[in-house]
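Notes to accompany the following structure.
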Amino acid sequence: MPTIVGNATTDPGPIDLVASPDGHSLFVETGANDVVDSFAVQADGTLVATGSATPEPAGHNGLEGIAVGFSF
């Protein structure tokens, strides 16, 4: 059963999230500012903000969906 271990703040309007395949990162798609916030997942499950990215081209509005993949 999931347990709340803390709170993390995102940009306004979080609408989707995805964890990296290794479970060490969490990415949150936000609707109000059309950015993706990233977090490092600590051993105890808490999150540490690591930055934000604006993945859309200038002039585009309406970020929808999120997927994460890694090459090893």
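For the structure tokens, the naming scheme is as follows: chains receive sequential letters (A, B, ...) according to their order of presentation, residues are indexed from 1 within each chain, and ligands are indexed from 1 in presentation order.
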
Query raised in the report: If we count only C-alpha atoms, what is near Phe39 in chain A at a cut-off of 10 Å, once residues fewer than 2 positions away on the same chain are taken out, given as an MDAnalysis selection string?
Result: chainID A and resid 8 10 19 24:28 37 41:42 46:52

Could you write out the selected residues, including N, CA and C atoms, as a PDB file, in the first residue's frame?
```pdb
ATOM      1  N   ALA A   8       5.864  17.603  -2.714  1.00  0.00           N
ATOM      2  CA  ALA A   8       6.734  18.273  -3.673  1.00  0.00           C
ATOM      3  C   ALA A   8       5.890  19.268  -4.445  1.00  0.00           C
ATOM      4  N   THR A  10       5.104  21.484  -7.809  1.00  0.00           N
ATOM      5  CA  THR A  10       5.324  21.538  -9.252  1.00  0.00           C
ATOM      6  C   THR A  10       4.854  22.889  -9.774  1.00  0.00           C
ATOM      7  N   ALA A  19       7.564   7.888 -14.222  1.00  0.00           N
ATOM      8  CA  ALA A  19       8.857   7.584 -13.591  1.00  0.00           C
ATOM      9  C   ALA A  19       9.802   7.047 -14.650  1.00  0.00           C
ATOM     10  N   HIS A  24      14.535   6.154 -10.550  1.00  0.00           N
ATOM     11  CA  HIS A  24      15.311   7.175  -9.849  1.00  0.00           C
ATOM     12  C   HIS A  24      14.881   8.596 -10.173  1.00  0.00           C
ATOM     13  N   SER A  25      14.013   8.763 -11.175  1.00  0.00           N
ATOM     14  CA  SER A  25      13.552  10.092 -11.569  1.00  0.00           C
ATOM     15  C   SER A  25      12.052  10.074 -11.774  1.00  0.00           C
ATOM     16  N   LEU A  26      11.425  11.232 -11.541  1.00  0.00           N
ATOM     17  CA  LEU A  26      10.001  11.412 -11.780  1.00  0.00           C
ATOM     18  C   LEU A  26       9.833  12.687 -12.582  1.00  0.00           C
ATOM     19  N   PHE A  27       9.009  12.623 -13.632  1.00  0.00           N
ATOM     20  CA  PHE A  27       8.773  13.768 -14.496  1.00  0.00           C
ATOM     21  C   PHE A  27       7.287  14.095 -14.462  1.00  0.00           C
ATOM     22  N   VAL A  28       6.947  15.395 -14.288  1.00  0.00           N
ATOM     23  CA  VAL A  28       5.567  15.832 -14.145  1.00  0.00           C
ATOM     24  C   VAL A  28       5.248  16.842 -15.245  1.00  0.00           C
ATOM     25  N   ASP A  37       8.396  19.317 -15.147  1.00  0.00           N
ATOM     26  CA  ASP A  37       9.242  19.416 -13.956  1.00  0.00           C
ATOM     27  C   ASP A  37       9.872  18.058 -13.701  1.00  0.00           C
ATOM     28  N   VAL A  41      14.244  10.838  -7.206  1.00  0.00           N
ATOM     29  CA  VAL A  41      13.578  10.049  -6.174  1.00  0.00           C
ATOM     30  C   VAL A  41      14.645   9.543  -5.209  1.00  0.00           C
ATOM     31  N   GLN A  42      14.536   9.943  -3.952  1.00  0.00           N
ATOM     32  CA  GLN A  42      15.496   9.541  -2.931  1.00  0.00           C
ATOM     33  C   GLN A  42      15.196   8.123  -2.431  1.00  0.00           C
ATOM     34  N   THR A  46      11.196  10.268  -0.935  1.00  0.00           N
ATOM     35  CA  THR A  46      10.979  11.706  -1.066  1.00  0.00           C
ATOM     36  C   THR A  46      11.540  12.185  -2.402  1.00  0.00           C
ATOM     37  N   LEU A  47      11.084  13.363  -2.816  1.00  0.00           N
ATOM     38  CA  LEU A  47      11.493  13.921  -4.100  1.00  0.00           C
ATOM     39  C   LEU A  47      12.320  15.183  -3.908  1.00  0.00           C
ATOM     40  N   VAL A  48      13.332  15.350  -4.767  1.00  0.00           N
ATOM     41  CA  VAL A  48      14.149  16.560  -4.791  1.00  0.00           C
ATOM     42  C   VAL A  48      14.043  17.140  -6.195  1.00  0.00           C
ATOM     43  N   ALA A  49      13.567  18.387  -6.302  1.00  0.00           N
ATOM     44  CA  ALA A  49      13.429  19.034  -7.608  1.00  0.00           C
ATOM     45  C   ALA A  49      14.788  19.164  -8.284  1.00  0.00           C
ATOM     46  N   THR A  50      14.845  18.819  -9.583  1.00  0.00           N
ATOM     47  CA  THR A  50      16.102  18.896 -10.323  1.00  0.00           C
ATOM     48  C   THR A  50      16.026  19.849 -11.508  1.00  0.00           C
ATOM     49  N   GLY A  51      14.851  20.443 -11.743  1.00  0.00           N
ATOM     50  CA  GLY A  51      14.744  21.418 -12.824  1.00  0.00           C
ATOM     51  C   GLY A  51      13.442  21.306 -13.585  1.00  0.00           C
ATOM     52  N   SER A  52      13.317  22.153 -14.600  1.00  0.00           N
ATOM     53  CA  SER A  52      12.146  22.171 -15.468  1.00  0.00           C
ATOM     54  C   SER A  52      12.605  22.352 -16.901  1.00  0.00           C
TER      55      SER A  52
END
```

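The protein and nucleic acid residues lying at most 8 Å from Val35 in chain A are Asp11, Glu29, Thr30, Gly31, Ser52, Ala53, Thr54, Pro55 and Leu63 of chain A, with only C-alpha atoms considered and sequence neighbours fewer than 3 positions away removed.
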
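Here CA of Ile66 in chain A stands at a distance of 7.0 Å from CA of Val18 in chain A.
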
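Relative to CA of Thr9 in chain A, CA of Ala67 in chain A is found at 20.5 Å.
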
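For the pair CA of Asp44 in chain A and CA of Asp22 in chain A, the separation is 15.2 Å.
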